[in-house]
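The file protein07.pdb contains PDB, C-alpha atoms and all ligand atoms:
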```pdb
MODEL        1
ATOM      1  CA  MET A 276      -5.435  30.963 -88.662
ATOM      2  CA  PHE A 277      -9.133  31.818 -88.689
ATOM      3  CA  CYS A 278     -11.968  29.380 -88.013
ATOM      4  CA  LEU A 279     -15.426  30.604 -89.065
ATOM      5  CA  ASP A 280     -18.508  28.650 -88.038
ATOM      6  CA  ASN A 281     -22.070  29.575 -87.097
ATOM      7  CA  LEU A 282     -22.176  26.425 -84.913
ATOM      8  CA  ILE A 283     -25.644  25.344 -86.067
ATOM      9  CA  THR A 284     -24.438  21.743 -86.109
ATOM     10  CA  GLY A 285     -20.957  22.131 -84.609
ATOM     11  CA  SER A 286     -19.710  22.911 -81.134
ATOM     12  CA  ARG A 287     -17.111  25.125 -79.474
ATOM     13  CA  HIS A 288     -16.141  22.098 -77.418
ATOM     14  CA  ASN A 289     -14.595  20.498 -80.546
ATOM     15  CA  ILE A 290     -12.116  23.354 -80.960
ATOM     16  CA  ALA A 291     -11.523  24.105 -77.251
ATOM     17  CA  HIS A 292      -7.972  22.685 -77.414
ATOM     18  CA  LEU A 293      -7.078  25.167 -80.191
ATOM     19  CA  PHE A 294      -7.900  28.284 -78.178
ATOM     20  CA  GLU A 295      -4.492  27.939 -76.454
ATOM     21  CA  GLU A 296      -2.788  28.564 -79.816
ATOM     22  CA  GLU A 297      -1.972  32.229 -80.256
ATOM     23  CA  ARG A 298      -2.364  32.064 -84.054
ATOM     24  CA  PHE A 299      -5.859  30.521 -83.800
ATOM     25  CA  HIS A 300      -8.848  32.880 -84.044
ATOM     26  CA  PHE A 301     -12.438  31.738 -83.866
ATOM     27  CA  VAL A 302     -15.172  33.920 -85.378
ATOM     28  CA  LYS A 303     -18.802  32.887 -84.931
ATOM     29  CA  HIS A 304     -20.032  33.710 -88.397
ATOM     30  CA  ASP A 305     -22.452  32.428 -91.024
ATOM     31  CA  VAL A 306     -20.383  32.120 -94.212
ATOM     32  CA  THR A 307     -23.424  32.816 -96.373
ATOM     33  CA  GLU A 308     -22.992  36.439 -95.182
ATOM     34  CA  TYR A 309     -20.170  38.713 -96.312
ATOM     35  CA  MET A 310     -16.812  37.812 -94.749
ATOM     36  CA  TYR A 311     -14.012  40.204 -94.012
ATOM     37  CA  ILE A 312     -10.620  38.939 -92.912
ATOM     38  CA  LYS A 313      -7.794  41.410 -92.395
ATOM     39  CA  GLY A 314      -4.369  40.571 -93.831
ATOM     40  CA  PRO A 315      -3.118  37.827 -96.145
ATOM     41  CA  LEU A 316      -4.580  34.312 -96.401
ATOM     42  CA  ASP A 317      -2.739  31.427 -98.070
ATOM     43  CA  TYR A 318      -5.378  28.698 -97.873
ATOM     44  CA  ILE A 319      -9.157  28.565 -97.529
ATOM     45  CA  LEU A 320     -10.725  25.227 -96.588
ATOM     46  CA  HIS A 321     -14.481  25.354 -97.096
ATOM     47  CA  PHE A 322     -16.055  22.620 -94.966
ATOM     48  CA  ALA A 323     -19.115  24.557 -93.788
ATOM     49  CA  SER A 324     -22.376  22.570 -94.116
ATOM     50  CA  PRO A 325     -24.651  20.284 -92.183
ATOM     51  CA  ALA A 326     -23.432  16.814 -93.235
ATOM     52  CA  SER A 327     -25.761  14.345 -91.545
ATOM     53  CA  PRO A 328     -28.994  13.411 -93.386
ATOM     54  CA  ILE A 329     -30.997  14.174 -90.199
ATOM     55  CA  ASP A 330     -29.354  17.612 -89.902
ATOM     56  CA  TYR A 331     -29.821  18.635 -93.486
ATOM     57  CA  LEU A 332     -33.430  17.448 -93.509
ATOM     58  CA  GLN A 333     -34.040  19.704 -90.483
ATOM     59  CA  LEU A 334     -32.039  22.583 -91.995
ATOM     60  CA  PRO A 335     -32.919  22.380 -95.711
ATOM     61  CA  ILE A 336     -32.658  26.093 -96.551
ATOM     62  CA  GLN A 337     -29.442  26.596 -94.545
ATOM     63  CA  THR A 338     -27.955  23.548 -96.315
ATOM     64  CA  LEU A 339     -28.805  24.926 -99.751
ATOM     65  CA  LYS A 340     -27.567  28.391 -98.794
ATOM     66  CA  VAL A 341     -24.218  27.302 -97.401
ATOM     67  CA  GLY A 342     -23.466  25.120-100.437
ATOM     68  CA  SER A 343     -24.379  27.896-102.869
ATOM     69  CA  LEU A 344     -24.064  31.368-101.261
ATOM     70  CA  GLY A 345     -21.463  30.187 -98.727
ATOM     71  CA  THR A 346     -19.276  28.648-101.441
ATOM     72  CA  HIS A 347     -19.632  31.829-103.519
ATOM     73  CA  LYS A 348     -18.498  33.986-100.576
ATOM     74  CA  ALA A 349     -15.595  31.673 -99.739
ATOM     75  CA  LEU A 350     -14.457  31.647-103.381
ATOM     76  CA  GLY A 351     -14.721  35.443-103.514
ATOM     77  CA  LEU A 352     -12.446  35.640-100.488
ATOM     78  CA  ALA A 353      -9.960  33.194-102.105
ATOM     79  CA  LYS A 354      -9.927  35.289-105.283
ATOM     80  CA  ASP A 355      -9.389  38.496-103.329
ATOM     81  CA  LYS A 356      -6.536  37.046-101.234
ATOM     82  CA  GLY A 357      -4.955  34.888-103.958
ATOM     83  CA  ALA A 358      -5.461  31.923-101.609
ATOM     84  CA  ARG A 359      -5.554  28.249-102.571
ATOM     85  CA  PHE A 360      -9.130  27.001-102.093
ATOM     86  CA  LEU A 361     -10.370  23.549-101.081
ATOM     87  CA  LEU A 362     -14.029  22.559-101.382
ATOM     88  CA  ALA A 363     -15.238  19.728 -99.164
ATOM     89  CA  SER A 364     -17.654  17.970-101.501
ATOM     90  CA  THR A 365     -19.282  14.603-101.001
ATOM     91  CA  SER A 366     -20.061  11.150-102.336
ATOM     92  CA  GLU A 367     -23.689  12.374-102.283
ATOM     93  CA  THR A 368     -22.939  14.091-105.603
ATOM     94  CA  TYR A 369     -23.304  10.542-107.027
ATOM     95  CA  GLY A 370     -26.796  10.197-105.449
ATOM     96  CA  ASP A 371     -28.105   6.605-105.590
ATOM     97  CA  PRO A 372     -25.302   5.479-107.908
ATOM     98  CA  LEU A 373     -25.741   3.335-111.002
ATOM     99  CA  VAL A 374     -21.975   2.920-111.351
ATOM    100  CA  HIS A 375     -20.215   0.861-108.682
ATOM    101  CA  PRO A 376     -17.702   1.564-107.247
ATOM    102  CA  GLN A 377     -17.993   5.280-107.908
ATOM    103  CA  THR A 378     -15.328   6.858-110.130
ATOM    104  CA  GLU A 379     -14.899  10.625-110.407
ATOM    105  CA  ASP A 380     -16.023  10.648-114.061
ATOM    106  CA  TYR A 381     -19.494   9.329-113.103
ATOM    107  CA  TRP A 382     -22.055  12.176-113.170
ATOM    108  CA  GLY A 383     -24.396  10.642-110.642
ATOM    109  CA  ASN A 384     -28.047   9.746-110.149
ATOM    110  CA  VAL A 385     -29.559  12.463-107.952
ATOM    111  CA  ASN A 386     -33.225  13.238-107.301
ATOM    112  CA  PRO A 387     -33.137  17.075-107.275
ATOM    113  CA  VAL A 388     -36.559  17.458-105.627
ATOM    114  CA  GLY A 389     -36.330  14.661-103.040
ATOM    115  CA  PRO A 390     -35.533  15.424 -99.376
ATOM    116  CA  ARG A 391     -31.809  14.685 -99.833
ATOM    117  CA  GLY A 392     -31.703  16.954-102.897
ATOM    118  CA  VAL A 393     -31.005  19.962-100.636
ATOM    119  CA  TYR A 394     -27.579  18.569 -99.786
ATOM    120  CA  ASP A 395     -26.770  16.782-103.039
ATOM    121  CA  GLU A 396     -27.672  19.700-105.290
ATOM    122  CA  ALA A 397     -26.022  22.292-103.018
ATOM    123  CA  LYS A 398     -22.767  20.346-103.206
ATOM    124  CA  ARG A 399     -23.133  19.814-106.968
ATOM    125  CA  PHE A 400     -23.621  23.569-107.367
ATOM    126  CA  ALA A 401     -20.621  24.136-105.063
ATOM    127  CA  GLU A 402     -18.472  21.976-107.361
ATOM    128  CA  ALA A 403     -19.762  23.827-110.437
ATOM    129  CA  ILE A 404     -19.024  27.296-109.036
ATOM    130  CA  THR A 405     -15.603  26.158-107.771
ATOM    131  CA  MET A 406     -14.665  25.004-111.283
ATOM    132  CA  ALA A 407     -16.069  28.256-112.715
ATOM    133  CA  TYR A 408     -13.881  30.356-110.377
ATOM    134  CA  HIS A 409     -10.921  28.214-111.368
ATOM    135  CA  ARG A 410     -11.571  28.623-115.097
ATOM    136  CA  ALA A 411     -12.808  32.231-115.164
ATOM    137  CA  HIS A 412     -10.713  33.776-112.352
ATOM    138  CA  ASP A 413      -7.784  31.366-112.227
ATOM    139  CA  VAL A 414      -8.386  30.602-108.522
ATOM    140  CA  ASP A 415      -6.149  27.691-107.443
ATOM    141  CA  THR A 416      -8.882  25.232-106.428
ATOM    142  CA  ARG A 417      -9.163  21.646-105.162
ATOM    143  CA  ILE A 418     -12.335  19.548-104.778
ATOM    144  CA  VAL A 419     -12.473  16.528-102.478
ATOM    145  CA  ARG A 420     -15.458  14.161-102.619
ATOM    146  CA  ILE A 421     -15.601  12.784 -99.090
ATOM    147  CA  PHE A 422     -17.165   9.344 -98.544
ATOM    148  CA  ASN A 423     -18.588   8.256 -95.156
ATOM    149  CA  THR A 424     -16.057   9.298 -92.514
ATOM    150  CA  TYR A 425     -16.171   8.797 -88.744
ATOM    151  CA  GLY A 426     -14.129   9.402 -85.641
ATOM    152  CA  PRO A 427     -13.903  11.325 -82.370
ATOM    153  CA  ARG A 428     -15.796  14.647 -82.087
ATOM    154  CA  MET A 429     -18.853  13.522 -84.048
ATOM    155  CA  ARG A 430     -22.059  14.632 -82.330
ATOM    156  CA  ILE A 431     -23.542  11.674 -80.528
ATOM    157  CA  ASP A 432     -27.065  12.602 -81.704
ATOM    158  CA  ASP A 433     -26.210  13.729 -85.235
ATOM    159  CA  GLY A 434     -28.212  10.806 -86.622
ATOM    160  CA  ARG A 435     -25.462   9.314 -88.754
ATOM    161  CA  VAL A 436     -25.054   5.596 -88.491
ATOM    162  CA  VAL A 437     -21.681   5.503 -86.693
ATOM    163  CA  PRO A 438     -22.513   7.635 -83.613
ATOM    164  CA  THR A 439     -26.086   6.277 -83.560
ATOM    165  CA  PHE A 440     -25.080   2.603 -83.442
ATOM    166  CA  ILE A 441     -22.250   3.252 -80.968
ATOM    167  CA  ALA A 442     -24.574   5.172 -78.617
ATOM    168  CA  GLN A 443     -27.307   2.536 -78.904
ATOM    169  CA  ALA A 444     -24.835  -0.310 -78.286
ATOM    170  CA  LEU A 445     -23.344   1.408 -75.221
ATOM    171  CA  ARG A 446     -26.782   2.244 -73.819
ATOM    172  CA  GLY A 447     -28.041  -1.300 -74.395
ATOM    173  CA  GLU A 448     -30.754  -0.076 -76.784
ATOM    174  CA  GLY A 449     -31.726  -1.744 -80.078
ATOM    175  CA  LEU A 450     -29.581  -0.756 -83.061
ATOM    176  CA  THR A 451     -31.947   0.955 -85.517
ATOM    177  CA  VAL A 452     -31.131  -0.599 -88.911
ATOM    178  CA  PHE A 453     -32.987   1.222 -91.687
ATOM    179  CA  GLY A 454     -34.614  -0.854 -94.445
ATOM    180  CA  ASP A 455     -33.462  -4.473 -94.589
ATOM    181  CA  GLY A 456     -29.884  -3.386 -93.843
ATOM    182  CA  SER A 457     -28.560  -4.660 -97.187
ATOM    183  CA  GLN A 458     -27.576  -1.160 -98.347
ATOM    184  CA  THR A 459     -23.818  -0.718 -98.278
ATOM    185  CA  ARG A 460     -21.402   1.969 -97.085
ATOM    186  CA  SER A 461     -17.612   2.153 -96.820
ATOM    187  CA  PHE A 462     -16.316   3.797 -93.643
ATOM    188  CA  CYS A 463     -13.121   5.837 -93.476
ATOM    189  CA  TYR A 464     -11.372   6.871 -90.258
ATOM    190  CA  VAL A 465     -10.969  10.630 -89.926
ATOM    191  CA  GLN A 466      -7.151  10.601 -89.707
ATOM    192  CA  ASP A 467      -6.902   8.773 -93.042
ATOM    193  CA  LEU A 468      -9.198  11.360 -94.606
ATOM    194  CA  ILE A 469      -7.152  14.244 -93.187
ATOM    195  CA  ASN A 470      -3.923  12.734 -94.573
ATOM    196  CA  GLY A 471      -5.574  12.497 -97.985
ATOM    197  CA  ILE A 472      -6.833  16.082 -97.842
ATOM    198  CA  PHE A 473      -3.372  17.381 -96.884
ATOM    199  CA  ASN A 474      -1.907  15.534 -99.862
ATOM    200  CA  LEU A 475      -4.527  16.982-102.171
ATOM    201  CA  ILE A 476      -3.853  20.540-100.983
ATOM    202  CA  PHE A 477      -0.067  20.463-100.732
ATOM    203  CA  ASN A 478       1.185  17.676-103.014
ATOM    204  CA  THR A 479      -0.864  18.091-106.191
ATOM    205  CA  ASP A 480      -1.878  20.670-108.698
ATOM    206  CA  TYR A 481      -5.065  18.816-109.630
ATOM    207  CA  HIS A 482      -8.318  20.765-109.962
ATOM    208  CA  ASP A 483     -10.998  18.213-110.876
ATOM    209  CA  PRO A 484     -12.793  16.310-108.075
ATOM    210  CA  VAL A 485     -10.909  13.564-106.195
ATOM    211  CA  ASN A 486     -12.628  10.794-104.199
ATOM    212  CA  LEU A 487     -11.327  10.162-100.686
ATOM    213  CA  GLY A 488     -12.711   7.347 -98.582
ATOM    214  CA  ASN A 489     -12.120   3.776 -97.546
ATOM    215  CA  PRO A 490     -13.095   1.219-100.214
ATOM    216  CA  SER A 491     -13.821  -1.569 -97.704
ATOM    217  CA  GLU A 492     -17.545  -1.858 -98.333
ATOM    218  CA  MET A 493     -20.016  -3.525 -95.986
ATOM    219  CA  SER A 494     -23.768  -3.831 -95.536
ATOM    220  CA  ILE A 495     -25.358  -1.802 -92.726
ATOM    221  CA  THR A 496     -26.423  -5.064 -91.047
ATOM    222  CA  ASP A 497     -22.799  -6.255 -91.033
ATOM    223  CA  PHE A 498     -21.720  -2.854 -89.728
ATOM    224  CA  ALA A 499     -24.264  -3.143 -86.877
ATOM    225  CA  LYS A 500     -22.900  -6.604 -86.020
ATOM    226  CA  ALA A 501     -19.335  -5.241 -86.064
ATOM    227  CA  ILE A 502     -20.333  -2.503 -83.587
ATOM    228  CA  LEU A 503     -21.914  -5.108 -81.293
ATOM    229  CA  LYS A 504     -18.680  -7.122 -81.425
ATOM    230  CA  PHE A 505     -16.362  -4.142 -80.808
ATOM    231  CA  THR A 506     -18.463  -2.837 -77.913
ATOM    232  CA  GLY A 507     -19.291  -6.251 -76.418
ATOM    233  CA  SER A 508     -22.921  -5.127 -76.341
ATOM    234  CA  GLU A 509     -25.840  -7.561 -76.292
ATOM    235  CA  SER A 510     -28.224  -5.128 -77.988
ATOM    236  CA  GLU A 511     -30.438  -6.439 -80.768
ATOM    237  CA  LEU A 512     -31.029  -5.107 -84.267
ATOM    238  CA  THR A 513     -34.384  -3.381 -84.761
ATOM    239  CA  PHE A 514     -35.475  -2.724 -88.324
ATOM    240  CA  GLN A 515     -37.085   0.596 -89.353
ATOM    241  CA  ASP A 516     -38.230   2.174 -92.629
ATOM    242  CA  LEU A 517     -35.551   3.131 -95.118
ATOM    243  CA  PRO A 518     -35.343   6.933 -95.554
ATOM    244  CA  VAL A 519     -36.428   8.314 -98.961
ATOM    245  CA  ASP A 520     -33.665   8.137-101.634
ATOM    246  CA  ASP A 521     -31.220   6.388 -99.282
ATOM    247  CA  PRO A 522     -28.424   5.208-101.627
ATOM    248  CA  LYS A 523     -28.392   1.403-102.005
ATOM    249  CA  VAL A 524     -24.639   1.119-102.462
ATOM    250  CA  ARG A 525     -21.615   3.335-101.882
ATOM    251  CA  LYS A 526     -17.937   2.580-102.336
ATOM    252  CA  PRO A 527     -15.227   4.937-103.543
ATOM    253  CA  ASP A 528     -12.911   4.076-106.379
ATOM    254  CA  ILE A 529      -9.707   5.655-105.034
ATOM    255  CA  SER A 530      -7.419   4.882-108.007
ATOM    256  CA  LEU A 531      -7.107   8.587-108.803
ATOM    257  CA  ALA A 532      -5.953   9.569-105.291
ATOM    258  CA  LYS A 533      -3.525   6.610-105.310
ATOM    259  CA  LYS A 534      -2.116   7.774-108.629
ATOM    260  CA  LEU A 535      -1.916  11.470-107.705
ATOM    261  CA  PHE A 536      -0.317  11.172-104.275
ATOM    262  CA  THR A 537       0.107   7.462-103.460
ATOM    263  CA  TRP A 538      -2.500   7.677-100.697
ATOM    264  CA  HIS A 539      -4.581   4.875 -99.279
ATOM    265  CA  PRO A 540      -6.440   4.468 -95.955
ATOM    266  CA  GLU A 541      -4.427   2.690 -93.274
ATOM    267  CA  VAL A 542      -6.701   2.500 -90.213
ATOM    268  CA  SER A 543      -8.805  -0.675 -89.901
ATOM    269  CA  LEU A 544     -12.463  -0.437 -88.899
ATOM    270  CA  GLU A 545     -11.648  -2.100 -85.576
ATOM    271  CA  ASP A 546      -8.870   0.395 -84.721
ATOM    272  CA  GLY A 547     -10.917   3.378 -85.882
ATOM    273  CA  ILE A 548     -13.984   2.332 -83.897
ATOM    274  CA  ARG A 549     -11.779   1.726 -80.827
ATOM    275  CA  GLU A 550     -10.545   5.345 -80.956
ATOM    276  CA  THR A 551     -14.085   6.610 -81.539
ATOM    277  CA  LEU A 552     -15.390   4.555 -78.606
ATOM    278  CA  LYS A 553     -12.813   6.132 -76.275
ATOM    279  CA  TYR A 554     -14.246   9.512 -77.197
ATOM    280  CA  PHE A 555     -17.899   8.547 -76.866
ATOM    281  CA  LYS A 556     -17.396   6.778 -73.552
ATOM    282  CA  GLY A 557     -16.424  10.157 -72.078
ATOM    283  CA  ASN A 558     -19.698  11.722 -73.220
ATOM    284  CA  PRO A 559     -21.956  12.728 -70.289
ATOM    285  CA  ASP A 560     -25.077  12.203 -72.477
ATOM    286  CA  LEU A 561     -24.349   8.488 -72.596
ATOM    287  CA  VAL A 562     -26.221   6.510 -70.016
ATOM    288  CA  PRO A 563     -24.147   3.309 -69.919
ATOM    289  CA  THR A 564     -26.883   0.777 -69.312
ATOM    290  CA  ALA A 565     -25.525  -1.792 -71.805
ATOM    291  CA  LYS A 566     -24.979  -5.233 -70.362
ATOM    292  CA  LYS A 567     -21.414  -6.119 -71.240
ATOM    293  CA  LYS A 568     -20.353  -9.662 -72.157
ATOM    294  CA  GLY A 569     -17.786 -11.346 -69.936
TER     295      GLY A 569
HETATM  296  N1  LIG A 601     -28.695   4.090 -91.026
HETATM  297  C1  LIG A 601     -29.297   3.108 -90.269
HETATM  298  N2  LIG A 601     -29.668   3.410 -88.986
HETATM  299  C2  LIG A 601     -29.438   4.634 -88.415
HETATM  300  C3  LIG A 601     -28.808   5.617 -89.179
HETATM  301  C4  LIG A 601     -28.451   5.325 -90.488
HETATM  302  O1  LIG A 601     -29.525   1.978 -90.735
HETATM  303  O2  LIG A 601     -29.809   4.818 -87.237
HETATM  304  C5  LIG A 601     -28.314   3.761 -92.404
HETATM  305  C6  LIG A 601     -28.821   4.753 -93.438
HETATM  306  O3  LIG A 601     -30.112   4.390 -93.881
HETATM  307  C7  LIG A 601     -27.780   4.607 -94.531
HETATM  308  C8  LIG A 601     -26.492   4.264 -93.764
HETATM  309  O4  LIG A 601     -26.903   3.811 -92.484
HETATM  310  O5  LIG A 601     -28.095   3.552 -95.392
HETATM  311  C9  LIG A 601     -25.553   5.449 -93.573
HETATM  312  O6  LIG A 601     -26.312   6.516 -93.049
HETATM  313  P1  LIG A 601     -25.679   7.887 -92.573
HETATM  314  O7  LIG A 601     -26.793   8.727 -92.053
HETATM  315  O8  LIG A 601     -24.542   7.642 -91.670
HETATM  316  O9  LIG A 601     -25.059   8.566 -93.877
HETATM  317  P2  LIG A 601     -25.360   8.475 -95.460
HETATM  318  O10 LIG A 601     -24.349   7.500 -95.957
HETATM  319  O11 LIG A 601     -26.749   7.987 -95.707
HETATM  320  O12 LIG A 601     -25.128   9.852 -95.930
ENDMDL
END
```

What do you get writing this file as structure tokens?
Amino acid sequence: MFCLDNLITGSRHNIAHLFEEERFHFVKHDVTEYMYIKGPLDYILHFASPASPIDYLQLPIQTLKVGSLGTHKALGLAKDKGARFLLASTSETYGDPLVHPQTEDYWGNVNPVGPRGVYDEAKRFAEAITMAYHRAHDVDTRIVRIFNTYGPRMRIDDGRVVPTFIAQALRGEGLTVFGDGSQTRSFCYVQDLINGIFNLIFNTDYHDPVNLGNPSEMSITDFAKAILKFTGSESELTFQDLPVDDPKVRKPDISLAKKLFTWHPEVSLEDGIRETLKYFKGNPDLVPTAKKKG
């Protein structure tokens, strides 16, 4: 088992527990460069990319390169080894969607030249080249469109709403709601996502994109209030400007995944946030100044 990562947004700490496994090999490598792996490979899971809006706005060229050149290299390796290939795509391929909830046959509403375009278009290209390798070279491919997912091992400062609100609530700082907070998201716990991805790889022979996410949609203001409740924090909500092209709604239609492999998310927001909190509370960067109720 080989894990390749250039660690520009990730951390060795997240895989420290795997170093004990004899079959696990970590290679610090940028997948936009040529990859050589000795011996056979059965599966290639291509997850490499910055995934937080703050990260990909700071790393626009790297984001475009990993989605395009990195996907090309990973597909080339899959073709060479005869490996099954999974592309981690994203709900961002739908942009600011005009169809709600989002079904896989919706082509999306993406601003190619806006600041988020670097991620959205890289992933749209990644899907296109994955389908091309499937059709032209018969590579056994899968594409998962991942909707907002959270859980332990997220970077506390990655800028996404889940770690940001949790950190702010635990520190007793204001929760920075962007815009008027009426935009919606649907949050999926990481273990549910992983179960879905395993099903897609091992229990189907389906090559077109499949949505995976939790359809329980909520506004960002309601999400902020839920975090205050789960943490017992007395922080307030502070409103800031909405980032450019921030999607107004997002909710996966998961009928296809249900039909293909009878999957649905099982972890409630409360249980998922409880597990995530356990992880963040152990983070030395957290200064626990929050006044707790009770
Ligand atoms: N958001 C927010 N405050 C923050 C970070 C994010 O209100 O400190 C909002 C953001 O504008 C978006 C939603 O939360 O509407 C989800 O943002 P995130 O960065 O987690 O991912 P996105 O779904 O935009 O890719």

**Report entry** Explicit residues for the PyMOL selection byres (((chain A and resi 489) around 8) and not hetatm) (as a ChimeraX atom specification)
**Finding:** /A:422,461-464,487-488,490-492,526-527,539-540

Query raised in the report: For ligand LIG 601 (chain A), which of A:Glu379, A:Asp521, A:Glu402, A:Asp413 is the closest residue, counting only C-alpha atoms and all ligand atoms?
Result: A:Asp521

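Residues within 8 Å of Ala401 of chain A, counting all atoms listed in the file and excluding same-chain residues fewer than 2 positions away, are A:Gly342, A:Ser343, A:Thr346, A:His347, A:Leu362, A:Ser364, A:Ala397, A:Lys398, A:Arg399, A:Ala403, A:Ile404, A:Thr405.
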
Saved selection, atoms kept: C-alpha atoms, as a PDB file, keeping the file's coordinate frame:
```pdb
ATOM      1  CA  GLY A 342     -23.466  25.120-100.437  1.00  0.00           C
ATOM      2  CA  SER A 343     -24.379  27.896-102.869  1.00  0.00           C
ATOM      3  CA  THR A 346     -19.276  28.648-101.441  1.00  0.00           C
ATOM      4  CA  HIS A 347     -19.632  31.829-103.519  1.00  0.00           C
ATOM      5  CA  LEU A 362     -14.029  22.559-101.382  1.00  0.00           C
ATOM      6  CA  SER A 364     -17.654  17.970-101.501  1.00  0.00           C
ATOM      7  CA  ALA A 397     -26.022  22.292-103.018  1.00  0.00           C
ATOM      8  CA  LYS A 398     -22.767  20.346-103.206  1.00  0.00           C
ATOM      9  CA  ARG A 399     -23.133  19.814-106.968  1.00  0.00           C
ATOM     10  CA  ALA A 403     -19.762  23.827-110.437  1.00  0.00           C
ATOM     11  CA  ILE A 404     -19.024  27.296-109.036  1.00  0.00           C
ATOM     12  CA  THR A 405     -15.603  26.158-107.771  1.00  0.00           C
TER      13      THR A 405
END
```

Query raised in the report: What is the distance between atom CA of Pro376 of chain A and atom O1 of ligand LIG 601 (chain A), in Å to one decimal?
Result: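 We find that atom CA of Pro376 of chain A and atom O1 of ligand LIG 601 (chain A) lie 20.3 Å from each other.
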
**Report entry** Residues selected by the PyMOL selection byres (((chain A and resi 333-335) around 12) and not hetatm), written as an MDAnalysis selection string
**Finding:** chainID A and resid 283:284 324:332 336:342 388:397 433:434

Query raised in the report: Can you list what the PyMOL selection byres (((not hetatm)) within 6 of (chain A and resi 601)) grabs from this structure, as a PyMOL selection string?
Result: chain A and resi 327-328+423+434-436+439+451-453+458+495+517+521

Let's have the selection written as a JSON list (two decimals), keeping the file's coordinate frame, with C-alpha atoms.
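File produced: selection_28.json:
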```
[["chain", "number", "residue", "atom", "x", "y", "z"],
["A", 327, "SER", "CA", -25.76, 14.34, -91.54],
["A", 328, "PRO", "CA", -28.99, 13.41, -93.39],
["A", 423, "ASN", "CA", -18.59, 8.26, -95.16],
["A", 434, "GLY", "CA", -28.21, 10.81, -86.62],
["A", 435, "ARG", "CA", -25.46, 9.31, -88.75],
["A", 436, "VAL", "CA", -25.05, 5.60, -88.49],
["A", 439, "THR", "CA", -26.09, 6.28, -83.56],
["A", 451, "THR", "CA", -31.95, 0.96, -85.52],
["A", 452, "VAL", "CA", -31.13, -0.60, -88.91],
["A", 453, "PHE", "CA", -32.99, 1.22, -91.69],
["A", 458, "GLN", "CA", -27.58, -1.16, -98.35],
["A", 495, "ILE", "CA", -25.36, -1.80, -92.73],
["A", 517, "LEU", "CA", -35.55, 3.13, -95.12],
["A", 521, "ASP", "CA", -31.22, 6.39, -99.28]]
```

Query raised in the report: In terms of the shortest atom-to-atom distance over all atoms listed in the file, which of A:Thr424, A:Thr551, A:Thr365, A:Ser543 is closest to Gln377 of chain A?
Result: A:Thr365

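Nearest residue to Thr459 of chain A among A:Lys500, A:Arg525, A:His482, A:His375 is A:Arg525, counting all atoms listed in the file.
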
Query - Length of the atom CA of Ala444 of chain A to atom CA of Glu511 of chain A vector [Å] - result: 8.7 Å
